[in-house]
Amino acid sequence: MALIIPSKYKRKLLTETTEIAIKQIKDEFQAAFAETLKLRRVTAPLFVEAGTGLNDDLNGTEHAVSFEIEAMGGRKAEVVHSLAKWKRAKLAAYDIAPGYGIYTDMNAIRTFEDLDNLHSLYVDQWDWEKTIRDEDRNIGYLKETVRDIYSTIKSIENSIFHHYPHITPTLPDDITFVHAQQLLDRYPDKSPKEREALAAKEHGAVFIIGIGGPLSDGEPHDGRAPDYDDWSTPNADGYAGLNGDIILWNRVLEIPFEISSMGIRVSPQSLARQLELRGCTERSSLAFHRALLAGEYPASIGGGIGQSRLCMFILQKAHIGEVQASIWPEEQIKLCRQSGIDLL
């Protein structure tokens, strides 16, 4: 998207105070989040070996930053896009019981991102994964988990308000659930992003279900790789998909604001189906996919929650560069400075 410069933007905190608030948000959120979802922290890799199928393919078209390992005969490694698949393998390796899981700090470099208010070369998020029972692979369990995450976000927003009373909360009490097909039916003449904006502005916070699966017009609401989220299994609401995105309405920028991508993960059956639907059945020969198809990984639910995005939203910042250190085009730095937006 194009860079947005809000009219009459006024930062709520000085840069030094912002740094203190960022630490408070991150410390409080991960502690509350881990307790609510029964997760324990683990150490995660910055890169994985290429060709194993462990790296997240996101929409299936992005290229990872890669390098050769001299000490391993030139074998290739890739900087992770996210840890969607790695976490599931870790659940199996640690033999984590249903109802419990793991989380980690995930750092990535995404050179293909547009550089604007929301997108940076540097990505930081809490990646999490939780073992579930086969009978938990349903829309009700997904919604319950989304509500737990949303209540944690709300609690941090309220905590910041108590420390900085001029940063008043903006989120509604509850999050609204809507399927991507329902949005298409409601706004058939709008693009997916326009539909997101209308729903987010109306409700303040929405969870859009079924991201990645084709809708009645033959197109998905948004891209999703075929080998981690389950976007094809029919659910009890009468639609397909056990995954989605948490979208908040950002009042500073007046746009929909994705804070989390998450979902119940593919079963062996839905993995095979989604690889077929996407025309990439050759992935079934990769180590991760072979193990999943053989039933070696537990049923799970998981996702990522943007750390900088959470800080940006709660502190009511206009640019993600106000809460993280990255690289920006000189013209963007100049425009931001002229508008009172101080990039770290």
# chains A, B, ... in the order shown; residues from 1 in each chain; ligands from 1
>>> residues_around(residues="His166 (chain A)", least_positions_apart="3", cutoff="12 Å", atoms="only C-alpha atoms", output="PyMOL selection string")
chain A and resi 10-13+158+160-163+169-170+314-316
>>> select_by_dssp(residues="region 182-284 of chain A", states="strand (DSSP E or B)", output="number ranges by chain")
A: 205-209, 214, 220, 229, 234, 240, 243-250, 255-265
>>> atom_distance(atom1="CA of Gln181 (chain A)", atom2="CA of His221 (chain A)")
8.2 Å
>>> closest_atom_pairs(of="region 314-334 of chain A", to="region 305-309 of chain A", cutoff="9 Å", atoms="only C-alpha atoms", output="CSV")
residue,atom,partner,partner_atom,distance
A:Ile314,CA,A:Arg309,CA,8.5
A:Ile320,CA,A:Ser308,CA,6.6
A:Gly321,CA,A:Ser308,CA,8.7
A:Val323,CA,A:Ser308,CA,6.0
A:Gln324,CA,A:Ser308,CA,6.4
>>> write_last_selection(atoms="N, CA and C atoms", output="CSV table (one decimal), in the first residue's frame")
chain,number,residue,atom,x,y,z
A,314,ILE,N,-1.3,-0.4,19.9
A,314,ILE,CA,-1.7,0.0,21.2
A,314,ILE,C,-1.1,1.4,21.6
A,320,ILE,N,5.2,1.7,11.6
A,320,ILE,CA,5.8,0.6,12.3
A,320,ILE,C,7.3,0.9,12.6
A,321,GLY,N,7.9,1.9,11.9
A,321,GLY,CA,9.2,2.3,12.2
A,321,GLY,C,9.3,3.1,13.4
A,323,VAL,N,8.3,1.9,16.2
A,323,VAL,CA,8.4,0.9,17.3
A,323,VAL,C,9.4,-0.2,17.0
A,324,GLN,N,10.1,-0.1,15.9
A,324,GLN,CA,11.2,-1.0,15.5
A,324,GLN,C,12.3,-0.3,14.7
>>> closest_residue(among="A:Ala44, A:Ala93, A:Val65, A:Leu286", to="Pro298 (chain A)", atoms="only C-alpha atoms")
A:Ala93
>>> select_by_dssp(residues="region 100-226 of chain A", states="helix (DSSP H, G or I)", output="PyMOL selection string")
chain A and resi 134-136+139-163+180-186+192-203
>>> closest_residue(among="A:Glu322, A:Asp136, A:Glu254, A:Asp173", to="Thr152 (chain A)", atoms="only C-alpha atoms")
A:Asp173
>>> decode(residues="region 310-335 of chain A", atoms="N, CA, C and O atoms", output="tab-separated table (two decimals), in the first residue's frame")
chain	number	residue	atom	x	y	z
A	310	LEU	N	1.65	-5.05	17.30
A	310	LEU	CA	0.90	-4.89	18.54
A	310	LEU	C	1.30	-3.59	19.24
A	310	LEU	O	0.44	-2.83	19.70
A	311	CYS	N	2.60	-3.33	19.31
A	311	CYS	CA	3.08	-2.10	19.94
A	311	CYS	C	2.60	-0.87	19.17
A	311	CYS	O	2.17	0.12	19.76
A	312	MET	N	2.68	-0.94	17.86
A	312	MET	CA	2.23	0.17	17.02
A	312	MET	C	0.76	0.48	17.25
A	312	MET	O	0.37	1.65	17.41
A	313	PHE	N	-0.06	-0.56	17.30
A	313	PHE	CA	-1.50	-0.36	17.46
A	313	PHE	C	-1.83	0.20	18.84
A	313	PHE	O	-2.56	1.19	18.97
A	314	ILE	N	-1.30	-0.42	19.87
A	314	ILE	CA	-1.66	-0.02	21.23
A	314	ILE	C	-1.13	1.37	21.57
A	314	ILE	O	-1.80	2.15	22.26
A	315	LEU	N	0.06	1.70	21.07
A	315	LEU	CA	0.64	3.02	21.34
A	315	LEU	C	0.15	4.08	20.35
A	315	LEU	O	0.56	5.23	20.42
A	316	GLN	N	-0.72	3.65	19.42
A	316	GLN	CA	-1.37	4.55	18.47
A	316	GLN	C	-0.35	5.32	17.63
A	316	GLN	O	-0.41	6.54	17.48
A	317	LYS	N	0.60	4.55	17.08
A	317	LYS	CA	1.62	5.10	16.21
A	317	LYS	C	1.16	5.04	14.75
A	317	LYS	O	0.34	4.21	14.37
A	318	ALA	N	1.73	5.92	13.93
A	318	ALA	CA	1.35	5.98	12.52
A	318	ALA	C	2.22	5.12	11.63
A	318	ALA	O	1.86	4.86	10.48
A	319	HIS	N	3.37	4.66	12.13
A	319	HIS	CA	4.32	3.93	11.29
A	319	HIS	C	5.02	2.87	12.14
A	319	HIS	O	5.38	3.13	13.30
A	320	ILE	N	5.19	1.69	11.55
A	320	ILE	CA	5.83	0.60	12.30
A	320	ILE	C	7.28	0.94	12.65
A	320	ILE	O	7.83	0.43	13.62
A	321	GLY	N	7.88	1.86	11.87
A	321	GLY	CA	9.23	2.30	12.17
A	321	GLY	C	9.34	3.12	13.45
A	321	GLY	O	10.45	3.39	13.91
A	322	GLU	N	8.22	3.49	14.04
A	322	GLU	CA	8.24	4.19	15.32
A	322	GLU	C	8.42	3.23	16.49
A	322	GLU	O	8.68	3.67	17.61
A	323	VAL	N	8.29	1.92	16.22
A	323	VAL	CA	8.42	0.94	17.30
A	323	VAL	C	9.43	-0.16	17.00
A	323	VAL	O	9.58	-1.11	17.76
A	324	GLN	N	10.12	-0.07	15.87
A	324	GLN	CA	11.18	-1.02	15.54
A	324	GLN	C	12.25	-0.34	14.71
A	324	GLN	O	11.99	0.63	14.00
A	325	ALA	N	13.47	-0.86	14.79
A	325	ALA	CA	14.58	-0.32	14.02
A	325	ALA	C	14.73	-1.11	12.73
A	325	ALA	O	14.89	-2.33	12.75
A	326	SER	N	14.67	-0.42	11.60
A	326	SER	CA	14.81	-1.08	10.30
A	326	SER	C	15.41	-0.09	9.31
A	326	SER	O	15.97	0.94	9.71
A	327	ILE	N	15.32	-0.40	8.03
A	327	ILE	CA	15.84	0.45	6.97
A	327	ILE	C	14.67	0.94	6.13
A	327	ILE	O	13.80	0.14	5.75
A	328	TRP	N	14.69	2.25	5.81
A	328	TRP	CA	13.60	2.85	5.06
A	328	TRP	C	14.16	3.72	3.94
A	328	TRP	O	15.25	4.28	4.07
A	329	PRO	N	13.40	3.88	2.85
A	329	PRO	CA	13.85	4.79	1.79
A	329	PRO	C	14.00	6.21	2.33
A	329	PRO	O	13.23	6.66	3.19
A	330	GLU	N	15.01	6.92	1.83
A	330	GLU	CA	15.28	8.27	2.31
A	330	GLU	C	14.07	9.19	2.17
A	330	GLU	O	13.79	10.01	3.04
A	331	GLU	N	13.36	9.06	1.06
A	331	GLU	CA	12.19	9.91	0.84
A	331	GLU	C	11.12	9.65	1.89
A	331	GLU	O	10.44	10.57	2.36
A	332	GLN	N	10.97	8.37	2.27
A	332	GLN	CA	9.98	8.03	3.30
A	332	GLN	C	10.39	8.60	4.66
A	332	GLN	O	9.56	9.13	5.40
A	333	ILE	N	11.67	8.51	4.98
A	333	ILE	CA	12.18	9.08	6.23
A	333	ILE	C	11.91	10.58	6.27
A	333	ILE	O	11.46	11.12	7.29
A	334	LYS	N	12.16	11.25	5.15
A	334	LYS	CA	11.97	12.70	5.08
A	334	LYS	C	10.50	13.06	5.26
A	334	LYS	O	10.16	13.98	6.04
A	335	LEU	N	9.60	12.37	4.57
A	335	LEU	CA	8.17	12.65	4.68
A	335	LEU	C	7.67	12.42	6.09
A	335	LEU	O	6.87	13.21	6.62
